[in-house]
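**Q** Here you go, one structure.
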Amino acid sequence: MKAVRLHEPTGIDGLVYEDVPDAKPGLSEVLIRVAGCGITHNELDWPVWTCRAGHQRTSIIPGNEVSGVVVGLGFGAAGFAVGDEVFGLTDQLRDGAAAELVAVEQRNLALKPRTLDHVQAAAVPRAGLTAWQALFDHGKLAAGQTVVIHGAGGAVGSVAVQLAHWAGAEVIGTGRGHSRALATEMGVDRYVALDTDRLEDIAGQADLVVDTIGGEVLAASAPLLREGGRLVTIKAAFDFPPGRDDVEKVVFVQVSDRNQLAELARLIDEGTLRPPVSEVYPLADAIKGFSAKAAGGLPGRIVLQP
């Protein structure tokens with residue numbers, strides 16, 4: 001099969017499009033013919049050069065988000081049949097979906113949304129699960145509350161805006177001015193452009209802040225919270241300024257969840273949620289795709305297509 005591989009931790013320039021042995025399903029795994037692979041701009045820098053057993057990996061196939069068709073089942077695999085259209089996440093510590101075939105643990109998959117094609121579906125898993133877990137698992141968002149979502153025009157942020165709106169929250173989005181139109185279309189009630197507006201103008205208004213940006217924006221977020229509020233970030237550990245012991249901070253890494261994937265699919269098929277696709281590249285042009293996303297300014301997810 002054809003795949004994109006990295007043989008050393010050299011980043012985008014080290015990606016090679018080449019022939020590799022066909023993927024094969026192991027115990028409780030599903031073999032998928034890949035129709036779409038979502039990529040994250042910085043995933044080539046992640047510490048994934050050892051497997052779960054601690055052995056050194058000599059190469060990696062990137063791309064953890066997948067949508068495709070089941071073409072084989074490993075021993076003990078249940079819940080799916082050959083021919084099913086599925087989507088989900090691969091394990092970061094094993095070969096990903098930037099290939100014609102990929103083997104994925106069944107627990108990391110759900111049936112693809114019926115109303116999406118595979119390219120659109122491949123943009124959902126990481127952004128959808130991250131947004132869901134930030135808002136509901138860690139943020140405890142409830143109807144009638146106010147949430148500030150930093151990076152509301154990005155892949156995660158735009159999904160979080162839609163989910164928060166669906167949950168009955170008031171949604172304040174932040175980001176660059178060029179993302180205002182997209183964030184408004186996704187459902188923000190108010191937008192703060194970080195390059196022209198002032199975060200201080202929404203001080204004390206939020207029950208929850210969801211941060212996907214980090215840096216100075218994260219550092220300036222504590223004053224936005226009401227007493228008893230929560231700040232949830234996917235970026236980095238940090239310290240609140242003195243005097244904010246009345247609020248909670250959560251730093252988390254998204255995990256795969258089959259039930260949440262199925263719920264995201266249901267919301268998509270109901271028309272509540274729209275996936276954030278920006279551009280599509282052939283698998284052979286993976287370097288161009290990763291470079292375009294790393295350059296910044298693109299809303300949503302870039303998808304590779306074998």
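Following the order of the structure tokens, chains are lettered A, B, ..., residues in each are numbered from 1, and ligands are numbered from 1.
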Can you check which parts of region 123-204 of chain A lie within 12 Å of region 232-256 of chain A? Per residue, the shortest pair of atoms and distance in Å to one decimal, counting only C-alpha atoms, sorted by chain and number, as a tab-separated table.

**A**
```
residue	atom	partner	partner_atom	distance
A:Pro125	CA	A:Ser256	CA	8.3
A:Arg126	CA	A:Gln254	CA	7.6
A:Ala127	CA	A:Gln254	CA	9.1
A:Gly128	CA	A:Gln254	CA	9.8
A:Leu129	CA	A:Gln254	CA	6.6
A:Thr130	CA	A:Gln254	CA	5.2
A:Ala131	CA	A:Gln254	CA	8.7
A:Trp132	CA	A:Gln254	CA	9.3
A:Gln133	CA	A:Gln254	CA	7.0
A:Ala134	CA	A:Val232	CA	6.3
A:Leu135	CA	A:Val232	CA	8.1
A:Phe136	CA	A:Val232	CA	10.5
A:Asp137	CA	A:Val232	CA	10.3
A:His138	CA	A:Val232	CA	6.9
A:Gly139	CA	A:Val232	CA	6.4
A:Lys140	CA	A:Val232	CA	10.2
A:Leu141	CA	A:Val232	CA	11.1
A:Val147	CA	A:Val232	CA	10.7
A:Val148	CA	A:Val232	CA	10.4
A:Ile149	CA	A:Val232	CA	9.8
A:His150	CA	A:Thr233	CA	9.4
A:Gly151	CA	A:Thr233	CA	11.3
A:Val156	CA	A:Ile234	CA	10.1
A:Gly157	CA	A:Ile234	CA	11.3
A:Gly204	CA	A:Val247	CA	11.5
```

**Q** For region 108-118 of chain A, work out the shell of residues within 10 Å, counting only C-alpha atoms and skipping chain neighbours fewer than 3 positions away, then give it as an mmCIF file with all heavy atoms, in the first residue's frame.

**A**
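Output saved as selection_17.cif:
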```cif
data_model
loop_
_atom_site.group_PDB
_atom_site.id
_atom_site.type_symbol
_atom_site.label_atom_id
_atom_site.label_comp_id
_atom_site.auth_asym_id
_atom_site.auth_seq_id
_atom_site.Cartn_x
_atom_site.Cartn_y
_atom_site.Cartn_z
ATOM 1 N N GLU A 29 -9.250 -5.524 16.432
ATOM 2 C CA GLU A 29 -9.000 -4.384 15.551
ATOM 3 C C GLU A 29 -9.791 -4.493 14.261
ATOM 4 O O GLU A 29 -10.167 -5.590 13.829
ATOM 5 C CB GLU A 29 -7.507 -4.269 15.237
ATOM 6 C CG GLU A 29 -6.679 -3.879 16.446
ATOM 7 C CD GLU A 29 -5.205 -3.799 16.130
ATOM 8 O OE1 GLU A 29 -4.792 -4.194 15.001
ATOM 9 O OE2 GLU A 29 -4.455 -3.353 17.014
ATOM 10 N N VAL A 30 -10.011 -3.341 13.655
ATOM 11 C CA VAL A 30 -10.748 -3.230 12.399
ATOM 12 C C VAL A 30 -9.794 -2.698 11.335
ATOM 13 O O VAL A 30 -9.062 -1.736 11.578
ATOM 14 C CB VAL A 30 -11.943 -2.265 12.566
ATOM 15 C CG1 VAL A 30 -12.638 -2.023 11.232
ATOM 16 C CG2 VAL A 30 -12.931 -2.814 13.583
ATOM 17 N N VAL A 34 -8.795 3.591 3.863
ATOM 18 C CA VAL A 34 -8.902 5.005 4.206
ATOM 19 C C VAL A 34 -9.481 5.795 3.034
ATOM 20 O O VAL A 34 -9.021 5.684 1.897
ATOM 21 C CB VAL A 34 -7.525 5.572 4.589
ATOM 22 C CG1 VAL A 34 -7.625 7.064 4.904
ATOM 23 C CG2 VAL A 34 -6.949 4.805 5.780
ATOM 24 N N ALA A 35 -10.485 6.619 3.335
ATOM 25 C CA ALA A 35 -11.049 7.532 2.346
ATOM 26 C C ALA A 35 -10.774 8.989 2.697
ATOM 27 O O ALA A 35 -10.893 9.866 1.839
ATOM 28 C CB ALA A 35 -12.554 7.307 2.215
ATOM 29 N N GLY A 36 -10.422 9.243 3.946
ATOM 30 C CA GLY A 36 -10.066 10.591 4.382
ATOM 31 C C GLY A 36 -9.249 10.513 5.654
ATOM 32 O O GLY A 36 -9.524 9.699 6.538
ATOM 33 N N CYS A 37 -8.219 11.364 5.762
ATOM 34 C CA CYS A 37 -7.343 11.389 6.934
ATOM 35 C C CYS A 37 -7.173 12.834 7.378
ATOM 36 O O CYS A 37 -6.620 13.655 6.636
ATOM 37 C CB CYS A 37 -5.989 10.767 6.590
ATOM 38 S SG CYS A 37 -4.687 11.088 7.816
ATOM 39 N N VAL A 66 -9.517 9.415 10.998
ATOM 40 C CA VAL A 66 -9.769 8.575 9.831
ATOM 41 C C VAL A 66 -11.256 8.438 9.558
ATOM 42 O O VAL A 66 -12.077 8.414 10.472
ATOM 43 C CB VAL A 66 -9.138 7.167 10.021
ATOM 44 C CG1 VAL A 66 -9.779 6.424 11.199
ATOM 45 C CG2 VAL A 66 -9.249 6.342 8.741
ATOM 46 N N SER A 67 -11.572 8.365 8.282
ATOM 47 C CA SER A 67 -12.891 7.931 7.839
ATOM 48 C C SER A 67 -12.681 7.005 6.650
ATOM 49 O O SER A 67 -11.816 7.248 5.811
ATOM 50 C CB SER A 67 -13.757 9.124 7.432
ATOM 51 O OG SER A 67 -15.061 8.708 7.077
ATOM 52 N N GLY A 68 -13.440 5.915 6.635
ATOM 53 C CA GLY A 68 -13.258 4.959 5.551
ATOM 54 C C GLY A 68 -14.206 3.789 5.676
ATOM 55 O O GLY A 68 -15.202 3.842 6.404
ATOM 56 N N VAL A 69 -13.871 2.726 4.963
ATOM 57 C CA VAL A 69 -14.740 1.549 4.867
ATOM 58 C C VAL A 69 -14.033 0.342 5.459
ATOM 59 O O VAL A 69 -12.849 0.094 5.180
ATOM 60 C CB VAL A 69 -15.109 1.267 3.395
ATOM 61 C CG1 VAL A 69 -16.002 0.037 3.282
ATOM 62 C CG2 VAL A 69 -15.801 2.482 2.776
ATOM 63 N N GLY A 79 -19.064 -5.593 16.594
ATOM 64 C CA GLY A 79 -19.755 -4.323 16.475
ATOM 65 C C GLY A 79 -19.673 -3.702 15.111
ATOM 66 O O GLY A 79 -20.395 -2.729 14.826
ATOM 67 N N PHE A 80 -18.816 -4.216 14.247
ATOM 68 C CA PHE A 80 -18.687 -3.721 12.881
ATOM 69 C C PHE A 80 -18.643 -4.900 11.919
ATOM 70 O O PHE A 80 -18.280 -6.018 12.296
ATOM 71 C CB PHE A 80 -17.424 -2.875 12.708
ATOM 72 C CG PHE A 80 -17.389 -1.644 13.576
ATOM 73 C CD1 PHE A 80 -16.570 -1.594 14.692
ATOM 74 C CD2 PHE A 80 -18.190 -0.549 13.293
ATOM 75 C CE1 PHE A 80 -16.537 -0.477 15.505
ATOM 76 C CE2 PHE A 80 -18.168 0.578 14.094
ATOM 77 C CZ PHE A 80 -17.344 0.616 15.200
ATOM 78 N N ASP A 84 -18.984 -1.638 6.412
ATOM 79 C CA ASP A 84 -19.439 -0.514 7.229
ATOM 80 C C ASP A 84 -18.577 0.722 6.959
ATOM 81 O O ASP A 84 -17.350 0.632 6.805
ATOM 82 C CB ASP A 84 -19.346 -0.849 8.721
ATOM 83 C CG ASP A 84 -20.481 -1.735 9.201
ATOM 84 O OD1 ASP A 84 -21.464 -1.888 8.467
ATOM 85 O OD2 ASP A 84 -20.375 -2.265 10.326
ATOM 86 N N GLU A 85 -19.222 1.869 6.940
ATOM 87 C CA GLU A 85 -18.512 3.147 6.845
ATOM 88 C C GLU A 85 -18.305 3.677 8.263
ATOM 89 O O GLU A 85 -19.281 3.868 9.005
ATOM 90 C CB GLU A 85 -19.293 4.144 6.001
ATOM 91 C CG GLU A 85 -19.433 3.703 4.548
ATOM 92 C CD GLU A 85 -20.127 4.749 3.695
ATOM 93 O OE1 GLU A 85 -21.149 5.304 4.169
ATOM 94 O OE2 GLU A 85 -19.640 5.013 2.581
ATOM 95 N N VAL A 86 -17.050 3.903 8.631
ATOM 96 C CA VAL A 86 -16.725 4.248 10.023
ATOM 97 C C VAL A 86 -15.826 5.482 10.063
ATOM 98 O O VAL A 86 -15.219 5.871 9.062
ATOM 99 C CB VAL A 86 -16.033 3.072 10.740
ATOM 100 C CG1 VAL A 86 -16.952 1.876 10.833
ATOM 101 C CG2 VAL A 86 -14.725 2.692 10.024
ATOM 102 N N PHE A 87 -15.743 6.078 11.255
ATOM 103 C CA PHE A 87 -14.795 7.160 11.478
ATOM 104 C C PHE A 87 -14.304 7.092 12.914
ATOM 105 O O PHE A 87 -14.919 6.445 13.759
ATOM 106 C CB PHE A 87 -15.413 8.520 11.150
ATOM 107 C CG PHE A 87 -16.351 9.096 12.193
ATOM 108 C CD1 PHE A 87 -16.243 10.413 12.583
ATOM 109 C CD2 PHE A 87 -17.366 8.323 12.778
ATOM 110 C CE1 PHE A 87 -17.102 10.972 13.526
ATOM 111 C CE2 PHE A 87 -18.232 8.875 13.717
ATOM 112 C CZ PHE A 87 -18.089 10.201 14.095
ATOM 113 N N GLY A 88 -13.178 7.735 13.184
ATOM 114 C CA GLY A 88 -12.646 7.688 14.536
ATOM 115 C C GLY A 88 -11.189 8.085 14.581
ATOM 116 O O GLY A 88 -10.678 8.772 13.693
ATOM 117 N N LEU A 89 -10.514 7.637 15.646
ATOM 118 C CA LEU A 89 -9.126 8.007 15.908
ATOM 119 C C LEU A 89 -8.234 6.770 15.948
ATOM 120 O O LEU A 89 -8.620 5.738 16.491
ATOM 121 C CB LEU A 89 -8.996 8.722 17.250
ATOM 122 C CG LEU A 89 -9.540 10.141 17.366
ATOM 123 C CD1 LEU A 89 -9.385 10.622 18.805
ATOM 124 C CD2 LEU A 89 -8.824 11.086 16.426
ATOM 125 N N THR A 90 -7.045 6.917 15.405
ATOM 126 C CA THR A 90 -6.041 5.874 15.570
ATOM 127 C C THR A 90 -5.254 6.154 16.847
ATOM 128 O O THR A 90 -5.296 7.245 17.401
ATOM 129 C CB THR A 90 -5.065 5.832 14.382
ATOM 130 O OG1 THR A 90 -4.239 7.001 14.408
ATOM 131 C CG2 THR A 90 -5.813 5.774 13.064
ATOM 132 N N ASP A 91 -4.530 5.171 17.308
ATOM 133 C CA ASP A 91 -3.646 5.320 18.463
ATOM 134 C C ASP A 91 -2.414 6.118 18.039
ATOM 135 O O ASP A 91 -1.756 5.790 17.049
ATOM 136 C CB ASP A 91 -3.230 3.928 18.954
ATOM 137 C CG ASP A 91 -2.458 3.953 20.255
ATOM 138 O OD1 ASP A 91 -1.744 4.939 20.516
ATOM 139 O OD2 ASP A 91 -2.565 2.982 21.023
ATOM 140 N N VAL A 104 -7.285 -0.165 13.246
ATOM 141 C CA VAL A 104 -7.695 0.664 14.380
ATOM 142 C C VAL A 104 -8.441 -0.197 15.386
ATOM 143 O O VAL A 104 -9.257 -1.049 15.004
ATOM 144 C CB VAL A 104 -8.615 1.826 13.918
ATOM 145 C CG1 VAL A 104 -8.951 2.739 15.086
ATOM 146 C CG2 VAL A 104 -7.968 2.611 12.787
ATOM 147 N N GLU A 105 -8.170 0.029 16.672
ATOM 148 C CA GLU A 105 -8.936 -0.675 17.692
ATOM 149 C C GLU A 105 -10.415 -0.324 17.575
ATOM 150 O O GLU A 105 -10.776 0.832 17.392
ATOM 151 C CB GLU A 105 -8.434 -0.287 19.081
ATOM 152 C CG GLU A 105 -7.048 -0.784 19.412
ATOM 153 C CD GLU A 105 -6.632 -0.370 20.806
ATOM 154 O OE1 GLU A 105 -7.001 -1.073 21.771
ATOM 155 O OE2 GLU A 105 -5.957 0.656 20.929
ATOM 156 N N ALA A 121 -16.156 13.734 7.201
ATOM 157 C CA ALA A 121 -16.145 12.929 8.428
ATOM 158 C C ALA A 121 -14.755 12.840 9.039
ATOM 159 O O ALA A 121 -14.608 12.771 10.263
ATOM 160 C CB ALA A 121 -16.683 11.529 8.141
ATOM 161 N N ALA A 122 -13.715 12.861 8.199
ATOM 162 C CA ALA A 122 -12.346 12.762 8.711
ATOM 163 C C ALA A 122 -11.927 14.008 9.481
ATOM 164 O O ALA A 122 -10.938 13.976 10.219
ATOM 165 C CB ALA A 122 -11.377 12.525 7.554
ATOM 166 N N ALA A 123 -12.671 15.094 9.333
ATOM 167 C CA ALA A 123 -12.358 16.328 10.053
ATOM 168 C C ALA A 123 -13.007 16.389 11.422
ATOM 169 O O ALA A 123 -12.779 17.340 12.175
ATOM 170 C CB ALA A 123 -12.797 17.533 9.224
ATOM 171 N N VAL A 124 -13.809 15.391 11.772
ATOM 172 C CA VAL A 124 -14.625 15.460 12.986
ATOM 173 C C VAL A 124 -13.952 14.907 14.240
ATOM 174 O O VAL A 124 -14.038 15.528 15.308
ATOM 175 C CB VAL A 124 -15.974 14.743 12.771
ATOM 176 C CG1 VAL A 124 -16.769 14.668 14.067
ATOM 177 C CG2 VAL A 124 -16.781 15.429 11.682
ATOM 178 N N PRO A 125 -13.299 13.728 14.220
ATOM 179 C CA PRO A 125 -12.980 13.038 15.477
ATOM 180 C C PRO A 125 -12.181 13.847 16.495
ATOM 181 O O PRO A 125 -12.616 13.986 17.643
ATOM 182 C CB PRO A 125 -12.206 11.800 15.003
ATOM 183 C CG PRO A 125 -12.748 11.529 13.647
ATOM 184 C CD PRO A 125 -12.967 12.885 13.050
ATOM 185 N N VAL A 255 -9.165 12.263 24.748
ATOM 186 C CA VAL A 255 -9.080 10.812 24.633
ATOM 187 C C VAL A 255 -10.176 10.333 23.695
ATOM 188 O O VAL A 255 -11.184 11.014 23.481
ATOM 189 C CB VAL A 255 -9.237 10.129 26.012
ATOM 190 C CG1 VAL A 255 -8.083 10.498 26.922
ATOM 191 C CG2 VAL A 255 -10.565 10.480 26.657
ATOM 192 N N SER A 256 -9.977 9.168 23.137
ATOM 193 C CA SER A 256 -10.997 8.612 22.263
ATOM 194 C C SER A 256 -12.166 8.083 23.087
ATOM 195 O O SER A 256 -11.982 7.564 24.187
ATOM 196 C CB SER A 256 -10.405 7.474 21.416
ATOM 197 O OG SER A 256 -11.349 7.014 20.475
ATOM 198 N N ASP A 257 -13.373 8.236 22.550
ATOM 199 C CA ASP A 257 -14.572 7.779 23.242
ATOM 200 C C ASP A 257 -15.616 7.403 22.184
ATOM 201 O O ASP A 257 -16.138 8.264 21.488
ATOM 202 C CB ASP A 257 -15.112 8.871 24.169
ATOM 203 C CG ASP A 257 -16.250 8.385 25.047
ATOM 204 O OD1 ASP A 257 -17.298 7.988 24.498
ATOM 205 O OD2 ASP A 257 -16.106 8.418 26.288
ATOM 206 N N ARG A 258 -15.901 6.108 22.088
ATOM 207 C CA ARG A 258 -16.814 5.613 21.051
ATOM 208 C C ARG A 258 -18.214 6.195 21.206
ATOM 209 O O ARG A 258 -18.854 6.557 20.217
ATOM 210 C CB ARG A 258 -16.850 4.092 21.113
ATOM 211 C CG ARG A 258 -17.652 3.428 20.012
ATOM 212 C CD ARG A 258 -17.467 1.924 20.102
ATOM 213 N NE ARG A 258 -18.162 1.225 19.043
ATOM 214 C CZ ARG A 258 -18.073 -0.090 18.867
ATOM 215 N NH1 ARG A 258 -17.319 -0.824 19.681
ATOM 216 N NH2 ARG A 258 -18.725 -0.690 17.892
ATOM 217 N N ASN A 259 -18.690 6.305 22.440
ATOM 218 C CA ASN A 259 -20.039 6.834 22.654
ATOM 219 C C ASN A 259 -20.133 8.306 22.260
ATOM 220 O O ASN A 259 -21.136 8.746 21.698
ATOM 221 C CB ASN A 259 -20.446 6.652 24.116
ATOM 222 C CG ASN A 259 -20.660 5.201 24.494
ATOM 223 O OD1 ASN A 259 -21.028 4.380 23.654
ATOM 224 N ND2 ASN A 259 -20.425 4.877 25.744
ATOM 225 N N GLN A 260 -19.084 9.067 22.552
ATOM 226 C CA GLN A 260 -19.087 10.474 22.166
ATOM 227 C C GLN A 260 -18.992 10.632 20.653
ATOM 228 O O GLN A 260 -19.623 11.528 20.068
ATOM 229 C CB GLN A 260 -17.953 11.214 22.866
ATOM 230 C CG GLN A 260 -18.181 11.362 24.366
ATOM 231 C CD GLN A 260 -17.016 12.006 25.090
ATOM 232 O OE1 GLN A 260 -16.022 12.407 24.483
ATOM 233 N NE2 GLN A 260 -17.114 12.099 26.415
ATOM 234 N N LEU A 261 -18.226 9.781 19.991
ATOM 235 C CA LEU A 261 -18.190 9.806 18.531
ATOM 236 C C LEU A 261 -19.582 9.556 17.952
ATOM 237 O O LEU A 261 -20.008 10.236 17.015
ATOM 238 C CB LEU A 261 -17.216 8.748 18.004
ATOM 239 C CG LEU A 261 -15.731 9.051 18.089
ATOM 240 C CD1 LEU A 261 -14.923 7.794 17.760
ATOM 241 C CD2 LEU A 261 -15.347 10.191 17.150
ATOM 242 N N ALA A 262 -20.289 8.585 18.519
ATOM 243 C CA ALA A 262 -21.640 8.280 18.045
ATOM 244 C C ALA A 262 -22.586 9.455 18.283
ATOM 245 O O ALA A 262 -23.458 9.751 17.450
ATOM 246 C CB ALA A 262 -22.167 7.025 18.733
ATOM 247 N N GLU A 263 -22.435 10.147 19.410
ATOM 248 C CA GLU A 263 -23.269 11.314 19.693
ATOM 249 C C GLU A 263 -22.952 12.454 18.735
ATOM 250 O O GLU A 263 -23.857 13.158 18.257
ATOM 251 C CB GLU A 263 -23.080 11.763 21.142
ATOM 252 C CG GLU A 263 -23.917 12.953 21.556
ATOM 253 C CD GLU A 263 -25.415 12.677 21.592
ATOM 254 O OE1 GLU A 263 -25.844 11.533 21.322
ATOM 255 O OE2 GLU A 263 -26.169 13.633 21.893
ATOM 256 N N LEU A 264 -21.689 12.665 18.426
ATOM 257 C CA LEU A 264 -21.316 13.670 17.446
ATOM 258 C C LEU A 264 -21.922 13.347 16.082
ATOM 259 O O LEU A 264 -22.426 14.240 15.383
ATOM 260 C CB LEU A 264 -19.794 13.766 17.339
ATOM 261 C CG LEU A 264 -19.070 14.349 18.553
ATOM 262 C CD1 LEU A 264 -17.565 14.087 18.443
ATOM 263 C CD2 LEU A 264 -19.336 15.840 18.689
ATOM 264 N N ALA A 265 -21.881 12.067 15.702
ATOM 265 C CA ALA A 265 -22.486 11.656 14.436
ATOM 266 C C ALA A 265 -23.982 11.944 14.426
ATOM 267 O O ALA A 265 -24.544 12.406 13.421
ATOM 268 C CB ALA A 265 -22.219 10.175 14.183
ATOM 269 N N ARG A 266 -24.648 11.689 15.543
ATOM 270 C CA ARG A 266 -26.091 11.953 15.623
ATOM 271 C C ARG A 266 -26.390 13.439 15.452
ATOM 272 O O ARG A 266 -27.313 13.826 14.709
ATOM 273 C CB ARG A 266 -26.630 11.468 16.971
ATOM 274 C CG ARG A 266 -28.142 11.621 17.123
ATOM 275 C CD ARG A 266 -28.605 11.264 18.526
ATOM 276 N NE ARG A 266 -28.164 12.235 19.522
ATOM 277 C CZ ARG A 266 -28.765 13.411 19.737
ATOM 278 N NH1 ARG A 266 -29.824 13.761 19.027
ATOM 279 N NH2 ARG A 266 -28.301 14.231 20.664
ATOM 280 N N LEU A 267 -25.613 14.279 16.110
ATOM 281 C CA LEU A 267 -25.827 15.721 16.007
ATOM 282 C C LEU A 267 -25.557 16.226 14.593
ATOM 283 O O LEU A 267 -26.252 17.126 14.095
ATOM 284 C CB LEU A 267 -24.929 16.458 17.004
ATOM 285 C CG LEU A 267 -25.272 16.248 18.477
ATOM 286 C CD1 LEU A 267 -24.226 16.915 19.365
ATOM 287 C CD2 LEU A 267 -26.660 16.805 18.796
ATOM 288 N N ILE A 268 -24.577 15.643 13.944
ATOM 289 C CA ILE A 268 -24.298 16.016 12.554
ATOM 290 C C ILE A 268 -25.465 15.630 11.651
ATOM 291 O O ILE A 268 -25.940 16.427 10.824
ATOM 292 C CB ILE A 268 -22.990 15.356 12.078
ATOM 293 C CG1 ILE A 268 -21.792 16.005 12.776
ATOM 294 C CG2 ILE A 268 -22.848 15.450 10.569
ATOM 295 C CD1 ILE A 268 -20.497 15.249 12.608
ATOM 296 N N ASP A 269 -25.963 14.411 11.817
ATOM 297 C CA ASP A 269 -27.067 13.950 10.965
ATOM 298 C C ASP A 269 -28.356 14.711 11.238
ATOM 299 O O ASP A 269 -29.225 14.815 10.363
ATOM 300 C CB ASP A 269 -27.277 12.446 11.158
ATOM 301 C CG ASP A 269 -26.177 11.614 10.518
ATOM 302 O OD1 ASP A 269 -25.519 12.108 9.592
ATOM 303 O OD2 ASP A 269 -25.968 10.463 10.951
ATOM 304 N N GLU A 270 -28.500 15.279 12.440
ATOM 305 C CA GLU A 270 -29.653 16.115 12.757
ATOM 306 C C GLU A 270 -29.516 17.528 12.207
ATOM 307 O O GLU A 270 -30.475 18.300 12.231
ATOM 308 C CB GLU A 270 -29.831 16.206 14.281
ATOM 309 C CG GLU A 270 -30.373 14.957 14.934
ATOM 310 C CD GLU A 270 -30.575 15.150 16.425
ATOM 311 O OE1 GLU A 270 -30.169 16.228 16.943
ATOM 312 O OE2 GLU A 270 -31.140 14.243 17.066
ATOM 313 N N GLY A 271 -28.319 17.884 11.742
ATOM 314 C CA GLY A 271 -28.087 19.223 11.237
ATOM 315 C C GLY A 271 -27.637 20.218 12.286
ATOM 316 O O GLY A 271 -27.538 21.416 12.016
ATOM 317 N N ARG A 274 -21.739 21.077 12.176
ATOM 318 C CA ARG A 274 -21.106 21.051 10.862
ATOM 319 C C ARG A 274 -19.606 20.896 11.037
ATOM 320 O O ARG A 274 -18.996 21.632 11.820
ATOM 321 C CB ARG A 274 -21.410 22.353 10.111
ATOM 322 C CG ARG A 274 -21.038 22.307 8.645
ATOM 323 C CD ARG A 274 -21.425 23.609 7.973
ATOM 324 N NE ARG A 274 -20.466 24.666 8.239
ATOM 325 C CZ ARG A 274 -20.627 25.927 7.873
ATOM 326 N NH1 ARG A 274 -21.745 26.296 7.279
ATOM 327 N NH2 ARG A 274 -19.698 26.831 8.130
ATOM 328 N N PRO A 275 -18.976 19.966 10.321
ATOM 329 C CA PRO A 275 -17.546 19.738 10.517
ATOM 330 C C PRO A 275 -16.705 20.846 9.900
ATOM 331 O O PRO A 275 -17.094 21.462 8.905
ATOM 332 C CB PRO A 275 -17.297 18.405 9.807
ATOM 333 C CG PRO A 275 -18.357 18.342 8.759
ATOM 334 C CD PRO A 275 -19.561 19.018 9.359
ATOM 335 N N VAL A 303 -7.535 17.834 5.284
ATOM 336 C CA VAL A 303 -7.767 16.393 5.119
ATOM 337 C C VAL A 303 -6.944 15.893 3.947
ATOM 338 O O VAL A 303 -6.898 16.522 2.880
ATOM 339 C CB VAL A 303 -9.269 16.106 4.886
ATOM 340 C CG1 VAL A 303 -9.490 14.616 4.599
ATOM 341 C CG2 VAL A 303 -10.086 16.538 6.097
ATOM 342 N N GLN A 305 -6.381 12.757 1.227
ATOM 343 C CA GLN A 305 -7.243 11.784 0.556
ATOM 344 C C GLN A 305 -6.404 10.843 -0.308
ATOM 345 O O GLN A 305 -5.755 11.288 -1.247
ATOM 346 C CB GLN A 305 -8.266 12.519 -0.311
ATOM 347 C CG GLN A 305 -9.433 11.676 -0.776
ATOM 348 C CD GLN A 305 -10.507 12.517 -1.439
ATOM 349 O OE1 GLN A 305 -10.228 13.537 -2.055
ATOM 350 N NE2 GLN A 305 -11.749 12.093 -1.308
#
```

**Q** At a cut-off of 9 Å, using only C-alpha atoms, what residues contact Thr196 (chain A)? Leave out same-chain residues fewer than 3 positions from it and give the result as an mmCIF file with C-alpha atoms, in the first residue's frame.

**A**
```cif
data_model
loop_
_atom_site.group_PDB
_atom_site.id
_atom_site.type_symbol
_atom_site.label_atom_id
_atom_site.label_comp_id
_atom_site.auth_asym_id
_atom_site.auth_seq_id
_atom_site.Cartn_x
_atom_site.Cartn_y
_atom_site.Cartn_z
ATOM 1 C CA ARG A 176 -8.300 37.067 14.989
ATOM 2 C CA GLY A 177 -10.499 39.501 13.149
ATOM 3 C CA VAL A 192 -13.940 39.613 20.498
ATOM 4 C CA ALA A 193 -11.238 40.147 17.864
#
```

**Q** Residues near Gly154 (chain A), anyone? I mean within 12 Å using only C-alpha atoms, not counting same-chain ones fewer than 3 positions away, as a ChimeraX atom specification.

**A** /A:40-41,123,127-128,131,149-151,157-161,173-176,178-180,182-183,186,211-213,275-278,293,296-302

**Q** Would you mind writing down, as a PyMOL selection string, each residue of region 8-199 of chain A that DSSP on the backbone assigns to strand (DSSP E)?

**A** chain A and resi 15-19+29-39+65-73+85-89+101-105+109-111+146-150+170-175+190-193

**Q** What's around Ile12 (chain A) at 9 Å? Count only C-alpha atoms, leave out sequence neighbours fewer than 2 positions away in its own chain, and write the answer as a PyMOL selection string.

**A** chain A and resi 6+10+14-15+44+286-288+290-291

**Q** Selected residues, N, CA, C and O atoms, written as a compact mmCIF listing (two decimals), in the first residue's frame, please.

**A**
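Listing of part-v6.txt after writing:
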```txt
# COMPACT_ATOMS: atom_id res chain seq x y z
N LEU A 6 7.44 9.12 8.16
CA LEU A 6 8.54 9.91 8.68
C LEU A 6 9.53 8.92 9.28
O LEU A 6 9.16 8.12 10.15
N THR A 10 12.19 14.67 12.02
CA THR A 10 12.70 15.86 11.33
C THR A 10 11.59 16.80 10.89
O THR A 10 11.86 17.79 10.21
N GLY A 14 10.74 15.86 6.39
CA GLY A 14 11.14 14.46 6.38
C GLY A 14 10.08 13.51 5.89
O GLY A 14 10.32 12.30 5.79
N LEU A 15 8.89 14.00 5.57
CA LEU A 15 7.81 13.12 5.10
C LEU A 15 8.15 12.51 3.74
O LEU A 15 8.63 13.20 2.84
N LEU A 44 3.60 16.12 13.95
CA LEU A 44 4.90 15.54 13.63
C LEU A 44 5.94 15.84 14.70
O LEU A 44 7.02 15.24 14.71
N ALA A 286 1.14 15.30 0.87
CA ALA A 286 1.03 15.50 2.32
C ALA A 286 1.92 16.64 2.81
O ALA A 286 1.54 17.39 3.72
N ILE A 287 3.11 16.79 2.23
CA ILE A 287 3.99 17.87 2.65
C ILE A 287 3.31 19.22 2.44
O ILE A 287 3.37 20.11 3.30
N LYS A 288 2.63 19.39 1.32
CA LYS A 288 1.92 20.64 1.05
C LYS A 288 0.80 20.84 2.07
O LYS A 288 0.57 21.96 2.54
N PHE A 290 0.52 19.58 5.25
CA PHE A 290 1.06 19.92 6.56
C PHE A 290 1.64 21.33 6.56
O PHE A 290 1.48 22.07 7.54
N SER A 291 2.30 21.72 5.47
CA SER A 291 2.89 23.05 5.41
C SER A 291 1.82 24.13 5.40
O SER A 291 1.98 25.18 6.06
```
